[in-house]
file protein.cif (mmCIF, C-alpha atoms)
data_target
#
loop_
_atom_site.group_PDB
_atom_site.id
_atom_site.type_symbol
_atom_site.label_atom_id
_atom_site.label_comp_id
_atom_site.auth_asym_id
_atom_site.auth_seq_id
_atom_site.Cartn_x
_atom_site.Cartn_y
_atom_site.Cartn_z
ATOM 1 C CA MET A 288 35.564 6.189 -33.154
ATOM 2 C CA GLY A 289 34.485 8.444 -30.316
ATOM 3 C CA LYS A 290 31.026 8.394 -28.827
ATOM 4 C CA GLN A 291 30.408 11.973 -29.984
ATOM 5 C CA MET A 292 31.227 11.023 -33.566
ATOM 6 C CA THR A 293 28.931 7.996 -33.366
ATOM 7 C CA GLU A 294 26.063 10.138 -32.100
ATOM 8 C CA MET A 295 26.559 12.840 -34.730
ATOM 9 C CA LEU A 296 26.792 10.278 -37.518
ATOM 10 C CA LYS A 297 23.437 8.809 -36.515
ATOM 11 C CA GLY A 298 21.701 11.924 -37.764
ATOM 12 C CA THR A 299 23.780 12.428 -40.887
ATOM 13 C CA LEU A 300 24.600 8.956 -42.184
ATOM 14 C CA GLU A 301 21.529 8.780 -44.406
ATOM 15 C CA GLY A 302 22.495 12.057 -46.086
ATOM 16 C CA ILE A 303 26.065 10.832 -46.494
ATOM 17 C CA VAL A 304 24.900 7.627 -48.192
ATOM 18 C CA LEU A 305 22.511 9.536 -50.470
ATOM 19 C CA ALA A 306 25.413 11.812 -51.432
ATOM 20 C CA ILE A 307 27.586 8.800 -52.279
ATOM 21 C CA LEU A 308 24.769 7.336 -54.399
ATOM 22 C CA ALA A 309 24.296 10.690 -56.139
ATOM 23 C CA ALA A 310 27.767 10.267 -57.623
ATOM 24 C CA ARG A 311 27.167 6.714 -58.876
ATOM 25 C CA PRO A 312 24.994 3.637 -58.250
ATOM 26 C CA ALA A 313 26.541 1.184 -55.801
ATOM 27 C CA TYR A 314 25.863 -1.906 -53.697
ATOM 28 C CA GLY A 315 26.229 -2.128 -49.935
ATOM 29 C CA TYR A 316 29.829 -3.258 -49.755
ATOM 30 C CA GLN A 317 30.976 -0.531 -52.174
ATOM 31 C CA ILE A 318 29.286 2.103 -50.054
ATOM 32 C CA THR A 319 31.001 0.900 -46.880
ATOM 33 C CA ALA A 320 34.306 0.865 -48.780
ATOM 34 C CA ALA A 321 33.727 4.444 -49.997
ATOM 35 C CA LEU A 322 33.011 5.511 -46.412
ATOM 36 C CA ARG A 323 36.204 3.833 -45.181
ATOM 37 C CA GLU A 324 38.228 5.682 -47.816
ATOM 38 C CA GLN A 325 36.854 8.936 -46.439
ATOM 39 C CA GLY A 326 37.872 8.123 -42.894
ATOM 40 C CA PHE A 327 34.619 6.671 -41.567
ATOM 41 C CA THR A 328 36.388 3.482 -40.595
ATOM 42 C CA ASP A 329 34.131 2.118 -37.878
ATOM 43 C CA ILE A 330 30.753 2.087 -39.572
ATOM 44 C CA ALA A 331 29.310 -1.413 -39.471
ATOM 45 C CA GLU A 332 28.418 -3.091 -42.759
ATOM 46 C CA GLY A 333 25.078 -4.049 -41.225
ATOM 47 C CA THR A 334 24.265 -0.463 -40.296
ATOM 48 C CA ILE A 335 24.710 0.618 -43.909
ATOM 49 C CA TYR A 336 22.637 -2.337 -45.046
ATOM 50 C CA ALA A 337 19.813 -1.410 -42.654
ATOM 51 C CA LEU A 338 19.979 2.163 -43.919
ATOM 52 C CA LEU A 339 19.762 1.003 -47.541
ATOM 53 C CA ILE A 340 16.679 -1.045 -46.724
ATOM 54 C CA ARG A 341 15.130 2.033 -45.129
ATOM 55 C CA ILE A 342 15.790 4.368 -48.043
ATOM 56 C CA GLU A 343 14.478 1.669 -50.383
ATOM 57 C CA GLN A 344 11.269 1.428 -48.330
ATOM 58 C CA ARG A 345 10.941 5.208 -48.480
ATOM 59 C CA GLY A 346 11.283 5.103 -52.259
ATOM 60 C CA LEU A 347 14.431 7.245 -52.462
ATOM 61 C CA VAL A 348 16.385 4.721 -54.524
ATOM 62 C CA ASP A 349 15.831 2.361 -57.419
ATOM 63 C CA VAL A 350 17.116 -1.152 -56.871
ATOM 64 C CA GLU A 351 18.472 -3.567 -59.440
ATOM 65 C CA LYS A 352 19.428 -7.142 -58.634
ATOM 66 C CA VAL A 353 22.693 -8.045 -60.311
ATOM 67 C CA PRO A 354 24.028 -11.628 -60.296
ATOM 68 C CA SER A 355 27.366 -11.974 -58.546
ATOM 69 C CA VAL A 356 30.206 -14.414 -59.056
ATOM 70 C CA LYS A 357 30.189 -15.415 -55.399
ATOM 71 C CA GLY A 358 27.282 -15.280 -53.027
ATOM 72 C CA PRO A 359 23.682 -14.209 -53.637
ATOM 73 C CA PRO A 360 22.721 -11.553 -56.251
ATOM 74 C CA ARG A 361 23.773 -8.046 -55.259
ATOM 75 C CA LYS A 362 21.298 -5.237 -54.899
ATOM 76 C CA VAL A 363 22.594 -2.185 -56.721
ATOM 77 C CA TYR A 364 21.093 1.075 -55.484
ATOM 78 C CA SER A 365 20.735 4.226 -57.551
ATOM 79 C CA LEU A 366 19.321 7.559 -56.467
ATOM 80 C CA ASN A 367 15.991 8.451 -58.124
ATOM 81 C CA ALA A 368 14.192 11.804 -58.414
ATOM 82 C CA LEU A 369 12.652 11.495 -54.943
ATOM 83 C CA GLY A 370 16.063 10.626 -53.507
ATOM 84 C CA ARG A 371 17.661 13.634 -55.190
ATOM 85 C CA SER A 372 15.094 16.008 -53.725
ATOM 86 C CA ASP A 373 15.586 14.381 -50.302
ATOM 87 C CA LEU A 374 19.332 14.903 -50.629
ATOM 88 C CA GLU A 375 18.775 18.533 -51.579
ATOM 89 C CA GLU A 376 16.714 18.977 -48.423
ATOM 90 C CA PHE A 377 19.474 17.311 -46.406
ATOM 91 C CA TRP A 378 22.066 19.767 -47.719
ATOM 92 C CA GLY A 379 19.718 22.640 -46.875
ATOM 93 C CA THR A 380 19.372 21.408 -43.298
ATOM 94 C CA TRP A 381 23.089 20.780 -43.115
ATOM 95 C CA SER A 382 23.975 24.312 -44.298
ATOM 96 C CA PHE A 383 21.632 25.768 -41.707
ATOM 97 C CA LEU A 384 23.237 23.713 -38.933
ATOM 98 C CA VAL A 385 26.775 24.569 -40.010
ATOM 99 C CA GLU A 386 25.975 28.262 -40.210
ATOM 100 C CA ARG A 387 24.334 28.333 -36.747
ATOM 101 C CA LEU A 388 27.066 26.282 -35.108
ATOM 102 C CA GLU A 389 29.843 28.377 -36.621
ATOM 103 C CA ALA A 390 28.132 31.517 -35.362
ATOM 104 C CA LEU A 391 27.997 29.983 -31.871
ATOM 105 C CA GLN A 392 31.626 29.010 -32.088
ATOM 106 C CA ARG A 393 32.683 32.522 -33.205
ATOM 107 C CA GLU A 394 30.723 34.061 -30.371
ATOM 108 C CA GLY A 395 32.312 31.719 -27.865
ATOM 109 C CA THR A 396 35.798 32.414 -29.189
ATOM 110 C CA LYS A 397 35.270 36.198 -29.081
ATOM 111 C CA LYS A 398 34.168 36.123 -25.459
ATOM 112 C CA GLY A 399 36.999 33.783 -24.603
ATOM 113 C CA THR A 400 39.643 36.184 -25.924
ATOM 114 C CA ALA A 401 38.017 39.392 -24.576
ATOM 115 C CA LYS A 402 39.077 38.611 -21.003
ATOM 116 C CA MET B 192 8.325 -18.429 -22.339
ATOM 117 C CA THR B 193 7.822 -19.588 -25.874
ATOM 118 C CA PRO B 194 9.288 -17.067 -28.311
ATOM 119 C CA LYS B 195 6.469 -15.435 -30.195
ATOM 120 C CA TRP B 196 7.835 -16.371 -33.585
ATOM 121 C CA ILE B 197 7.098 -20.021 -32.851
ATOM 122 C CA GLU B 198 3.392 -19.262 -32.504
ATOM 123 C CA LEU B 199 3.582 -17.078 -35.571
ATOM 124 C CA VAL B 200 5.431 -19.637 -37.581
ATOM 125 C CA THR B 201 3.084 -22.468 -36.667
ATOM 126 C CA GLY B 202 0.240 -20.224 -37.824
ATOM 127 C CA SER B 203 0.747 -20.440 -41.561
ATOM 128 C CA LEU B 204 2.171 -23.048 -43.868
ATOM 129 C CA ASP B 205 3.740 -20.447 -46.150
ATOM 130 C CA ASP B 206 5.490 -18.851 -43.217
ATOM 131 C CA LYS B 207 6.602 -22.243 -42.029
ATOM 132 C CA LYS B 208 8.205 -22.927 -45.405
ATOM 133 C CA ARG B 209 9.761 -19.502 -45.448
ATOM 134 C CA TYR B 210 11.161 -19.970 -41.983
ATOM 135 C CA ARG B 211 12.532 -23.405 -42.880
ATOM 136 C CA ARG B 212 14.215 -21.856 -45.922
ATOM 137 C CA TYR B 213 15.769 -19.242 -43.648
ATOM 138 C CA LYS B 214 17.102 -21.950 -41.306
ATOM 139 C CA GLU B 215 18.635 -23.727 -44.297
ATOM 140 C CA ARG B 216 20.382 -20.549 -45.393
ATOM 141 C CA VAL B 217 21.700 -20.073 -41.852
ATOM 142 C CA ALA B 218 22.936 -23.674 -41.742
ATOM 143 C CA ALA B 219 24.844 -23.163 -45.006
ATOM 144 C CA LEU B 220 26.871 -20.228 -43.639
ATOM 145 C CA PRO B 221 30.481 -20.593 -42.437
ATOM 146 C CA VAL B 222 30.498 -21.330 -38.716
ATOM 147 C CA SER B 223 31.445 -17.860 -37.422
ATOM 148 C CA TYR B 224 28.727 -16.192 -39.512
ATOM 149 C CA ARG B 225 26.265 -18.846 -38.429
ATOM 150 C CA THR B 226 27.056 -18.246 -34.757
ATOM 151 C CA ALA B 227 26.575 -14.501 -35.213
ATOM 152 C CA ILE B 228 23.335 -14.688 -37.210
ATOM 153 C CA GLU B 229 21.863 -17.110 -34.667
ATOM 154 C CA GLY B 230 22.609 -14.624 -31.905
ATOM 155 C CA VAL B 231 21.049 -11.798 -33.894
ATOM 156 C CA GLY B 232 18.059 -13.979 -34.841
ATOM 157 C CA ARG B 233 17.395 -14.918 -31.221
ATOM 158 C CA TYR B 234 17.405 -11.294 -30.089
ATOM 159 C CA LEU B 235 15.130 -10.333 -32.982
ATOM 160 C CA ALA B 236 12.683 -13.161 -32.262
ATOM 161 C CA TYR B 237 12.119 -11.725 -28.776
ATOM 162 C CA THR B 238 12.258 -8.014 -29.512
ATOM 163 C CA GLY B 239 11.398 -7.736 -33.187
ATOM 164 C CA PRO B 240 8.177 -7.152 -35.139
ATOM 165 C CA GLY B 241 4.960 -8.669 -33.901
ATOM 166 C CA ASP B 242 3.508 -9.805 -37.235
ATOM 167 C CA SER B 243 4.788 -12.697 -39.300
ATOM 168 C CA ASP B 244 5.059 -10.826 -42.625
ATOM 169 C CA HIS B 245 7.462 -8.308 -41.164
ATOM 170 C CA LEU B 246 9.272 -10.999 -39.216
ATOM 171 C CA MET B 247 9.848 -13.138 -42.301
ATOM 172 C CA ALA B 248 10.909 -10.181 -44.456
ATOM 173 C CA MET B 249 13.373 -9.288 -41.716
ATOM 174 C CA PHE B 250 14.844 -12.796 -41.546
ATOM 175 C CA ASP B 251 15.209 -12.874 -45.353
ATOM 176 C CA ASP B 252 17.077 -9.565 -45.337
ATOM 177 C CA LEU B 253 19.233 -10.745 -42.453
ATOM 178 C CA ALA B 254 20.215 -13.878 -44.374
ATOM 179 C CA ASP B 255 21.010 -11.720 -47.460
ATOM 180 C CA LEU B 256 23.318 -9.540 -45.358
ATOM 181 C CA PHE B 257 25.231 -12.442 -43.838
ATOM 182 C CA GLU B 258 25.499 -14.447 -47.075
ATOM 183 C CA GLN B 259 26.754 -11.423 -48.995
ATOM 184 C CA SER B 260 29.171 -10.444 -46.238
ATOM 185 C CA ALA B 261 30.519 -13.984 -46.037
ATOM 186 C CA ALA B 262 31.026 -13.949 -49.829
ATOM 187 C CA ASP B 263 32.817 -10.577 -49.634
ATOM 188 C CA GLY B 264 34.968 -11.772 -46.733
ATOM 189 C CA VAL B 265 33.657 -9.094 -44.378
ATOM 190 C CA PRO B 266 34.436 -10.332 -40.848
ATOM 191 C CA VAL B 267 31.564 -10.759 -38.409
ATOM 192 C CA ARG B 268 32.689 -7.818 -36.254
ATOM 193 C CA ALA B 269 32.646 -5.522 -39.275
ATOM 194 C CA ILE B 270 29.060 -6.579 -40.049
ATOM 195 C CA VAL B 271 27.603 -5.891 -36.622
ATOM 196 C CA GLY B 272 30.074 -3.259 -35.401
ATOM 197 C CA ASP B 273 31.355 -2.538 -31.890
ATOM 198 C CA ASP B 274 27.842 -2.431 -30.490
ATOM 199 C CA PRO B 275 25.764 -5.348 -31.818
ATOM 200 C CA VAL B 276 22.690 -4.231 -29.849
ATOM 201 C CA ALA B 277 22.764 -0.818 -31.530
ATOM 202 C CA PHE B 278 23.093 -2.488 -34.937
ATOM 203 C CA VAL B 279 20.166 -4.854 -34.372
ATOM 204 C CA ASP B 280 17.979 -2.079 -32.981
ATOM 205 C CA THR B 281 18.674 0.008 -36.095
ATOM 206 C CA PHE B 282 18.093 -2.982 -38.336
ATOM 207 C CA LYS B 283 14.770 -4.058 -36.844
ATOM 208 C CA ARG B 284 13.325 -0.541 -36.976
ATOM 209 C CA ASN B 285 12.664 -1.150 -40.682
ATOM 210 C CA TYR B 286 10.095 -3.836 -39.943
ATOM 211 C CA GLY B 287 7.608 -2.346 -37.527
ATOM 212 C CA GLN B 288 7.829 -3.352 -33.909
ATOM 213 C CA GLY B 289 6.449 -5.729 -31.330
ATOM 214 C CA SER B 290 2.696 -5.313 -30.915
ATOM 215 C CA TRP B 291 3.008 -4.863 -27.130
ATOM 216 C CA LEU B 292 5.409 -1.964 -27.667
ATOM 217 C CA THR B 293 3.100 -0.333 -30.230
ATOM 218 C CA LYS B 294 0.271 -0.623 -27.709
ATOM 219 C CA GLU B 295 2.295 0.896 -24.876
ATOM 220 C CA GLN B 296 3.480 3.762 -27.090
ATOM 221 C CA ARG B 297 -0.120 4.531 -28.006
ATOM 222 C CA ARG B 298 -1.060 4.479 -24.318
ATOM 223 C CA LEU B 299 1.702 6.932 -23.505
ATOM 224 C CA THR B 300 0.692 9.276 -26.340
ATOM 225 C CA ASP B 301 -2.961 9.094 -25.227
ATOM 226 C CA ALA B 302 -2.082 9.754 -21.594
ATOM 227 C CA ILE B 303 -0.179 12.922 -22.490
ATOM 228 C CA ALA B 304 -2.982 14.081 -24.816
ATOM 229 C CA ARG B 305 -5.464 13.497 -21.965
ATOM 230 C CA ALA B 306 -3.247 15.411 -19.559
ATOM 231 C CA GLU B 307 -3.131 18.317 -21.995
ATOM 232 C CA GLU B 308 -6.929 18.325 -22.339
ATOM 233 C CA ILE B 309 -7.542 18.523 -18.608
ATOM 234 C CA ALA B 310 -4.748 21.021 -17.955
ATOM 235 C CA GLY B 311 -7.371 23.799 -17.758
ATOM 236 C CA ASP B 312 -8.881 22.118 -14.706
ATOM 237 C CA ASP B 313 -5.678 22.634 -12.752
ATOM 238 C CA ASP B 314 -6.751 26.171 -11.706
ATOM 239 C CA ALA B 315 -9.781 24.834 -9.886
ATOM 240 C CA GLY B 316 -8.045 21.793 -8.481
ATOM 241 C CA PRO B 317 -6.572 21.532 -5.001
ATOM 242 C CA GLY B 318 -2.919 21.764 -4.239
ATOM 243 C CA ARG B 319 -2.025 24.334 -6.858
ATOM 244 C CA GLY B 320 0.992 26.262 -5.661
ATOM 245 C CA ALA B 321 0.772 24.511 -2.336
ATOM 246 C CA GLY B 322 4.230 23.223 -1.844
ATOM 247 C CA ALA B 323 4.716 22.161 -5.446
ATOM 248 C CA ILE B 324 8.362 22.135 -6.301
#
call {"tool": "encode", "arguments": {"input": "protein.cif", "output": "structure tokens"}}
result
Amino acid sequence: MGKQMTEMLKGTLEGIVLAILAARPAYGYQITAALREQGFTDIAEGTIYALLIRIEQRGLVDVEKVPSVKGPPRKVYSLNALGRSDLEEFWGTWSFLVERLEALQREGTKKGTAK
Amino acid sequence: MTPKWIELVTGSLDDKKRYRRYKERVAALPVSYRTAIEGVGRYLAYTGPGDSDHLMAMFDDLADLFEQSAADGVPVRAIVGDDPVAFVDTFKRNYGQGSWLTKEQRRLTDAIARAEEIAGDDDAGPGRGAGAI
């Protein structure tokens, strides 16, 4: 994964994880797997785990400990009301960014072809 | 230098027990996971949170991550990623930070606030516009 992608993901990964949890509750490994399926292949398991701890501390998710066949109990995360409103805010910010950047890109393309 | 966690850990019996429990969990891991978590733990002991509550919570979470990953068969590299330092820095941010760093950050913030307050005095001061780049 390129450096640019890594840098951009830093600011958006939390929103991405909230969006995944909005669809259904999941534990850490399932979230990483879902990300891999969508082409985010190089995101470290530990990075997702650290992010889950953070959103738990911020009260955006409810956590349920579920016994597992192998290993320690799994923490299953589900988005709560606070998390949903945070996600809504994320999409608002995202739309703003996309709109501004596309405008910049259009402008750049226009000038590029006007020569 | 003695790592600060040693002083912290010798401070309280509860913490001592908790730390011993953490070491047991580390010892029970498969060897590659154990090697990795020891490396992470060492870095965290030097650069991590300055209070024992945060430090112990962090070690517990770290053990959870490595035990679960070992159970799921997630290789060590996939846990910590291409840049282990970046991973650990992200991870430890959840637990406060070293007290010396907190102090220095406050000093920096104060210095800039002070600079802002006295900015009005610049007009009267010497050297204004005299060869400033």
call {"tool": "residues_near_point", "arguments": {"input": "protein.cif", "point": "(22.1, 0.3, -44.1)", "cutoff": "12 Å", "atoms": "all atoms listed in the file", "output": "VMD selection string"}}
result
(chain A and resid 297 300 to 305 314 to 316 318 to 319 330 to 344 364) or (chain B and resid 252 to 253 256 270 to 271 278 to 279 281 to 285)
call {"tool": "resolve_selection", "arguments": {"input": "protein.cif", "expression": "the PyMOL selection byres ((chain B) within 12 of (chain A))", "output": "PDB file with C-alpha atoms, in the coordinates of the input"}}
result
ATOM      1  CA  ARG B 216      20.382 -20.549 -45.393  1.00  0.00           C
ATOM      2  CA  ALA B 219      24.844 -23.163 -45.006  1.00  0.00           C
ATOM      3  CA  LEU B 220      26.871 -20.228 -43.639  1.00  0.00           C
ATOM      4  CA  ILE B 228      23.335 -14.688 -37.210  1.00  0.00           C
ATOM      5  CA  VAL B 231      21.049 -11.798 -33.894  1.00  0.00           C
ATOM      6  CA  ALA B 248      10.909 -10.181 -44.456  1.00  0.00           C
ATOM      7  CA  MET B 249      13.373  -9.288 -41.716  1.00  0.00           C
ATOM      8  CA  ASP B 251      15.209 -12.874 -45.353  1.00  0.00           C
ATOM      9  CA  ASP B 252      17.077  -9.565 -45.337  1.00  0.00           C
ATOM     10  CA  LEU B 253      19.233 -10.745 -42.453  1.00  0.00           C
ATOM     11  CA  ALA B 254      20.215 -13.878 -44.374  1.00  0.00           C
ATOM     12  CA  ASP B 255      21.010 -11.720 -47.460  1.00  0.00           C
ATOM     13  CA  LEU B 256      23.318  -9.540 -45.358  1.00  0.00           C
ATOM     14  CA  PHE B 257      25.231 -12.442 -43.838  1.00  0.00           C
ATOM     15  CA  GLU B 258      25.499 -14.447 -47.075  1.00  0.00           C
ATOM     16  CA  GLN B 259      26.754 -11.423 -48.995  1.00  0.00           C
ATOM     17  CA  SER B 260      29.171 -10.444 -46.238  1.00  0.00           C
ATOM     18  CA  ALA B 261      30.519 -13.984 -46.037  1.00  0.00           C
ATOM     19  CA  ALA B 262      31.026 -13.949 -49.829  1.00  0.00           C
ATOM     20  CA  ASP B 263      32.817 -10.577 -49.634  1.00  0.00           C
ATOM     21  CA  GLY B 264      34.968 -11.772 -46.733  1.00  0.00           C
ATOM     22  CA  VAL B 265      33.657  -9.094 -44.378  1.00  0.00           C
ATOM     23  CA  PRO B 266      34.436 -10.332 -40.848  1.00  0.00           C
ATOM     24  CA  VAL B 267      31.564 -10.759 -38.409  1.00  0.00           C
ATOM     25  CA  ARG B 268      32.689  -7.818 -36.254  1.00  0.00           C
ATOM     26  CA  ALA B 269      32.646  -5.522 -39.275  1.00  0.00           C
ATOM     27  CA  ILE B 270      29.060  -6.579 -40.049  1.00  0.00           C
ATOM     28  CA  VAL B 271      27.603  -5.891 -36.622  1.00  0.00           C
ATOM     29  CA  GLY B 272      30.074  -3.259 -35.401  1.00  0.00           C
ATOM     30  CA  ASP B 273      31.355  -2.538 -31.890  1.00  0.00           C
ATOM     31  CA  ASP B 274      27.842  -2.431 -30.490  1.00  0.00           C
ATOM     32  CA  PRO B 275      25.764  -5.348 -31.818  1.00  0.00           C
ATOM     33  CA  VAL B 276      22.690  -4.231 -29.849  1.00  0.00           C
ATOM     34  CA  ALA B 277      22.764  -0.818 -31.530  1.00  0.00           C
ATOM     35  CA  PHE B 278      23.093  -2.488 -34.937  1.00  0.00           C
ATOM     36  CA  VAL B 279      20.166  -4.854 -34.372  1.00  0.00           C
ATOM     37  CA  ASP B 280      17.979  -2.079 -32.981  1.00  0.00           C
ATOM     38  CA  THR B 281      18.674   0.008 -36.095  1.00  0.00           C
ATOM     39  CA  PHE B 282      18.093  -2.982 -38.336  1.00  0.00           C
ATOM     40  CA  LYS B 283      14.770  -4.058 -36.844  1.00  0.00           C
ATOM     41  CA  ARG B 284      13.325  -0.541 -36.976  1.00  0.00           C
ATOM     42  CA  ASN B 285      12.664  -1.150 -40.682  1.00  0.00           C
ATOM     43  CA  TYR B 286      10.095  -3.836 -39.943  1.00  0.00           C
ATOM     44  CA  GLY B 287       7.608  -2.346 -37.527  1.00  0.00           C
TER      45      GLY B 287
END
call {"tool": "resolve_selection", "arguments": {"input": "protein.cif", "expression": "the PyMOL selection byres ((chain B and resi 244) around 12)", "output": "PyMOL selection string"}}
result
chain B and resi 196+199-200+202-203+205-207+209-210+239-243+245-251+286-288
call {"tool": "closest_residue", "arguments": {"input": "protein.cif", "among": "A:Gln317, A:Asp349, A:Lys290, A:Gly298", "to": "Leu384 of chain A", "atoms": "all atoms listed in the file"}}
result
A:Gly298
call {"tool": "residues_around", "arguments": {"input": "protein.cif", "residues": "Gly370 of chain A", "least_positions_apart": "3", "cutoff": "10 Å", "atoms": "all atoms listed in the file", "output": "ChimeraX atom specification"}}
result
/A:302,305-306,308-309,342-343,345-349,365-367,373-376
call {"tool": "atom_distance", "arguments": {"input": "protein.cif", "atom1": "atom CA of Arg211 of chain B", "atom2": "atom CA of Ala227 of chain B"}}
result
18.3 Å
call {"tool": "atom_distance", "arguments": {"input": "protein.cif", "atom1": "atom CA of Lys398 of chain A", "atom2": "atom CA of Val385 of chain A"}}
result
20.0 Å
call {"tool": "axis_aligned_box", "arguments": {"input": "protein.cif", "around": "segment 258-261 of chain B", "padding_each_side": "4 Å", "output": "lines of an AutoDock Vina configuration file"}}
result
center_x = 28.0
center_y = -12.4
center_z = -47.5
size_x = 13.0
size_y = 12.0
size_z = 11.0
call {"tool": "atom_distance", "arguments": {"input": "protein.cif", "atom1": "atom CA of Leu292 of chain B", "atom2": "atom CA of Tyr234 of chain B"}}
result
15.4 Å
